[in-house]
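The file target.txt contains compact mmCIF, C-alpha atoms:
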# COMPACT_ATOMS: atom_id res chain seq x y z
CA MET A 151 -15.79 -9.78 31.17
CA ASP A 152 -18.08 -8.02 33.58
CA GLU A 153 -21.77 -8.36 34.42
CA LYS A 154 -22.88 -5.98 31.63
CA ASP A 155 -20.97 -8.10 29.09
CA ARG A 156 -22.76 -11.18 30.38
CA GLU A 157 -26.12 -9.43 30.10
CA ILE A 158 -25.31 -8.41 26.53
CA LEU A 159 -24.35 -12.02 25.70
CA GLN A 160 -27.67 -13.25 27.08
CA MET A 161 -29.57 -10.82 24.89
CA LEU A 162 -27.53 -11.71 21.82
CA GLN A 163 -28.28 -15.40 22.34
CA GLY A 164 -31.90 -15.45 23.31
CA SER A 165 -33.71 -12.20 22.76
CA PHE A 166 -31.95 -10.26 20.01
CA PRO A 167 -34.28 -7.38 19.14
CA LEU A 168 -35.74 -7.35 15.64
CA ASP A 169 -35.38 -3.62 15.25
CA SER A 170 -33.63 -1.25 12.86
CA GLU A 171 -31.41 -0.23 15.81
CA PRO A 172 -31.00 -3.45 17.82
CA TYR A 173 -27.94 -2.31 19.76
CA ARG A 174 -29.77 0.81 20.93
CA VAL A 175 -32.64 -1.40 22.13
CA ILE A 176 -30.19 -3.65 24.00
CA GLY A 177 -28.56 -0.58 25.51
CA ASP A 178 -31.90 0.83 26.63
CA LYS A 179 -32.69 -2.41 28.47
CA LEU A 180 -29.26 -2.53 30.12
CA TRP A 181 -28.84 1.18 30.88
CA LEU A 182 -26.08 1.60 28.29
CA ASP A 183 -25.81 3.75 25.21
CA GLU A 184 -25.70 2.14 21.76
CA VAL A 185 -22.00 2.91 21.22
CA SER A 186 -21.09 1.22 24.51
CA VAL A 187 -23.01 -1.91 23.53
CA ILE A 188 -21.28 -2.05 20.15
CA SER A 189 -17.87 -1.39 21.75
CA ARG A 190 -18.38 -4.16 24.30
CA ILE A 191 -19.43 -6.60 21.59
CA ALA A 192 -16.41 -5.66 19.47
CA ARG A 193 -14.12 -6.22 22.47
CA MET A 194 -15.67 -9.65 23.12
CA ILE A 195 -15.19 -10.58 19.46
CA GLU A 196 -11.55 -9.47 19.55
CA SER A 197 -10.91 -11.43 22.74
CA GLY A 198 -12.53 -14.56 21.32
CA ALA A 199 -15.38 -14.62 23.85
CA ILE A 200 -17.75 -14.28 20.86
CA ARG A 201 -16.81 -16.55 17.98
CA TYR A 202 -19.77 -15.82 15.69
CA LEU A 203 -22.33 -13.05 15.61
CA GLY A 204 -25.07 -13.49 13.06
CA PRO A 205 -28.27 -15.32 12.31
CA PHE A 206 -28.74 -19.06 12.12
CA PHE A 207 -31.23 -20.26 9.52
CA ASP A 208 -32.92 -23.61 9.04
CA SER A 209 -30.92 -24.61 5.98
CA ARG A 210 -33.28 -27.48 5.13
CA LYS A 211 -36.26 -25.14 4.84
CA LEU A 212 -34.18 -22.95 2.54
CA GLY A 213 -33.50 -25.94 0.27
CA TYR A 214 -29.86 -26.46 1.22
CA LYS A 215 -28.19 -29.87 1.07
CA GLY A 216 -26.19 -30.77 4.16
CA CYS A 217 -24.28 -33.77 5.37
CA LEU A 218 -21.56 -35.03 7.62
CA ALA A 219 -18.47 -36.14 5.71
CA ALA A 220 -15.20 -37.81 6.59
CA MET A 221 -11.92 -38.74 4.98
CA HIS A 222 -8.62 -40.20 6.04
CA VAL A 223 -5.62 -37.92 5.85
CA VAL A 224 -2.07 -38.85 6.83
CA PRO A 225 -0.91 -36.86 9.89
CA GLU A 226 1.58 -34.80 7.88
CA GLN A 227 -1.23 -33.50 5.63
CA VAL A 228 -3.87 -32.70 8.23
CA GLU A 229 -3.05 -28.98 8.37
CA SER A 230 -3.03 -28.57 4.58
CA ALA A 231 -6.28 -30.56 4.28
CA ALA A 232 -7.95 -28.37 6.90
CA ALA A 233 -6.67 -25.29 5.06
CA ALA A 234 -8.21 -26.61 1.82
CA MET A 235 -11.56 -26.95 3.63
CA ASP A 236 -11.31 -23.50 5.19
CA GLN A 237 -11.72 -21.86 1.78
CA PHE A 238 -15.37 -22.95 1.68
CA SER A 239 -17.98 -21.04 3.67
CA GLU A 240 -20.26 -24.04 3.09
CA ILE A 241 -18.08 -26.13 5.44
CA THR A 242 -19.36 -25.13 8.83
CA HIS A 243 -16.68 -26.90 10.83
CA ASN A 244 -14.10 -29.65 10.65
CA TYR A 245 -12.39 -31.66 13.32
CA LEU A 246 -9.76 -34.33 13.80
CA ARG A 247 -10.64 -37.68 15.41
CA ASP A 248 -8.67 -40.80 16.26
CA GLY A 249 -8.94 -43.74 13.89
CA LYS A 250 -9.88 -44.00 10.23
CA PRO A 251 -11.35 -41.80 8.89
CA ASN A 252 -9.71 -39.10 10.94
CA LEU A 253 -10.84 -35.76 9.43
CA TRP A 254 -14.57 -35.09 9.77
CA PHE A 255 -16.52 -32.06 8.52
CA THR A 256 -20.00 -30.78 7.82
CA VAL A 257 -21.13 -29.25 4.55
CA ILE A 258 -24.23 -27.18 3.89
CA ALA A 259 -24.54 -26.17 0.23
CA PRO A 260 -27.36 -24.58 -1.76
CA THR A 261 -27.48 -27.48 -4.23
CA GLN A 262 -26.32 -31.06 -4.57
CA GLU A 263 -24.14 -29.93 -7.50
CA ARG A 264 -22.35 -27.34 -5.35
CA ARG A 265 -21.80 -29.92 -2.62
CA ASP A 266 -20.26 -32.28 -5.20
CA GLU A 267 -18.02 -29.45 -6.48
CA ILE A 268 -16.76 -28.88 -2.94
CA PHE A 269 -15.95 -32.56 -2.49
CA ALA A 270 -14.17 -32.69 -5.87
CA THR A 271 -12.06 -29.64 -5.01
CA ILE A 272 -11.11 -31.06 -1.62
CA LYS A 273 -10.15 -34.40 -3.18
CA LYS A 274 -7.97 -32.65 -5.74
CA ALA A 275 -6.34 -30.36 -3.16
CA THR A 276 -5.61 -33.17 -0.70
CA GLY A 277 -4.98 -36.14 -2.99
CA VAL A 278 -7.59 -38.10 -1.03
CA ASP A 279 -9.47 -40.63 -3.18
CA GLU A 280 -12.55 -41.11 -1.04
CA ILE A 281 -14.75 -38.81 1.00
CA MET A 282 -17.37 -40.69 2.95
CA ILE A 283 -20.75 -38.97 3.03
CA PHE A 284 -23.26 -39.45 5.82
CA PRO A 285 -26.56 -37.75 4.94
CA SER A 286 -28.86 -36.68 7.73
CA LYS A 287 -31.61 -39.12 8.58
CA LYS A 288 -33.07 -37.22 11.49
CA PHE A 289 -32.43 -33.59 12.38
CA PHE A 290 -31.61 -32.57 15.94
CA LYS A 291 -30.99 -28.98 16.93
CA VAL A 292 -29.82 -28.32 20.45
CA LYS A 293 -30.12 -24.76 21.66
CA VAL A 294 -27.48 -23.68 24.12
CA ASP A 295 -27.64 -20.35 25.91
CA LEU A 296 -24.56 -19.81 28.01
CA ASP A 297 -24.77 -17.93 31.30
Could you write out this file's structure as structure tokens?
Amino acid sequence: MDEKDREILQMLQGSFPLDSEPYRVIGDKLWLDEVSVISRIARMIESGAIRYLGPFFDSRKLGYKGCLAAMHVVPEQVESAAAAMDQFSEITHNYLRDGKPNLWFTVIAPTQERRDEIFATIKKATGVDEIMIFPSKKFFKVKVDLD
């Protein structure tokens, strides 16, 4: 990754242009052509330097129902349980922790009914009887721009 890649990353994180040709606008500011900007971004995605490229919305203002959830899965079933969760775009991430429960995840669904469907499907796929649900009481959003 060179200095131009870093400059592109900064613009993607903090000042993405709201324009019909945003990559041309980025290129104009960085003395690159639009194709070069797109190629550099594609290379950073392929290398894993960029994990996600897209908008973030305030799901609460859009009426979505989110929560933190956890369940206990025996070590031999952790991979299959995580795979069962991976089928849902509404599960934003999951992670393994020590102790009980050990598999934690976040869900953001358009309705309470959809959230309940997701939990029911995960229970069925994993054989887990209980998913603990921790609804948000206070919302914190931390913005991180990486240099």
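If you look at CA of Phe238 (chain A) and CA of Gly164 (chain A), they are 28.2 Å away from each other.
Every protein, DNA or RNA residue with an atom at most 12 Å from Arg247 (chain A), where only C-alpha atoms count and chain neighbours fewer than 4 positions away do not, is listed here: Ala220, Met221, His222, Val223, Pro225, Val228, Pro251, Asn252, Leu253, Trp254 and Phe255 of chain A.
Using all atoms listed in the file for every distance, the candidate list A:Leu159, A:Glu184, A:Lys215, A:Glu171 yields A:Leu159 as the residue closest to Leu203 (chain A).
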To one decimal in Å, tell me the separation between CA of Thr256 (chain A) and CA of Leu218 (chain A).
4.5 Å
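One distance worth recording is that between CA of His243 (chain A) and CA of Met161 (chain A), which is 24.9 Å.
Here the question is which of A:Ile195, A:Ile268, A:Met282, A:Val224 gets nearest to Ile241 (chain A) using only C-alpha atoms, and that residue is A:Ile268.
Taking all atoms listed in the file into account, Ser230 (chain A) lies nearest to A:Gly277 out of the set A:Pro172, A:Gly177, A:Gly277, A:Gly198.
Every protein, DNA or RNA residue with an atom at most 12 Å from Asp152 (chain A), where all atoms listed in the file count and chain neighbours fewer than 3 positions away do not, is listed here: Asp155, Arg156, Glu157, Ile158, Leu159, Arg190, Arg193 and Met194 of chain A.
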In terms of all atoms listed in the file, the residue from A:Tyr245, A:Phe166, A:Ala219, A:Lys287 at minimal distance from Phe269 (chain A) is A:Ala219
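Excluding Ala270 (chain A) and any residue on its chain fewer than 4 positions from it, the residues at most 12 Å away by only C-alpha atoms are Ala234, Met235, Glu263, Arg264, Arg265, Asp266, Lys274, Ala275, Thr276, Gly277, Val278, Asp279, Glu280 and Ile281 of chain A.
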Would you be able to write out as a ChimeraX atom specification which residues have an atom within 12 Å of (-29.0, -28.1, -1.0) in the file's coordinates, counting all atoms listed in the file?
/A:208-217,240,257-266,285
Can I get the selection written as a JSON list (two decimals), keeping the file's coordinate frame, with C-alpha atoms?
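Output file out-v7.json is given in full below:
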[["chain", "number", "residue", "atom", "x", "y", "z"],
["A", 208, "ASP", "CA", -32.92, -23.61, 9.04],
["A", 209, "SER", "CA", -30.92, -24.61, 5.98],
["A", 210, "ARG", "CA", -33.28, -27.48, 5.13],
["A", 211, "LYS", "CA", -36.26, -25.14, 4.84],
["A", 212, "LEU", "CA", -34.18, -22.95, 2.54],
["A", 213, "GLY", "CA", -33.50, -25.94, 0.27],
["A", 214, "TYR", "CA", -29.86, -26.46, 1.22],
["A", 215, "LYS", "CA", -28.19, -29.87, 1.07],
["A", 216, "GLY", "CA", -26.19, -30.77, 4.16],
["A", 217, "CYS", "CA", -24.28, -33.77, 5.37],
["A", 240, "GLU", "CA", -20.26, -24.04, 3.09],
["A", 257, "VAL", "CA", -21.13, -29.25, 4.55],
["A", 258, "ILE", "CA", -24.23, -27.18, 3.89],
["A", 259, "ALA", "CA", -24.54, -26.17, 0.23],
["A", 260, "PRO", "CA", -27.36, -24.58, -1.76],
["A", 261, "THR", "CA", -27.48, -27.48, -4.23],
["A", 262, "GLN", "CA", -26.32, -31.06, -4.57],
["A", 263, "GLU", "CA", -24.14, -29.93, -7.50],
["A", 264, "ARG", "CA", -22.35, -27.34, -5.35],
["A", 265, "ARG", "CA", -21.80, -29.92, -2.62],
["A", 266, "ASP", "CA", -20.26, -32.28, -5.20],
["A", 285, "PRO", "CA", -26.56, -37.75, 4.94]]
Closest to Tyr173 (chain A) among A:Pro205, A:Ile188, A:Gln160, A:Ile283, using only C-alpha atoms?
A:Ile188
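Taking all atoms listed in the file into account, Thr271 (chain A) lies nearest to A:Ala231 out of the set A:Ile200, A:Leu180, A:Ala231, A:Val185.
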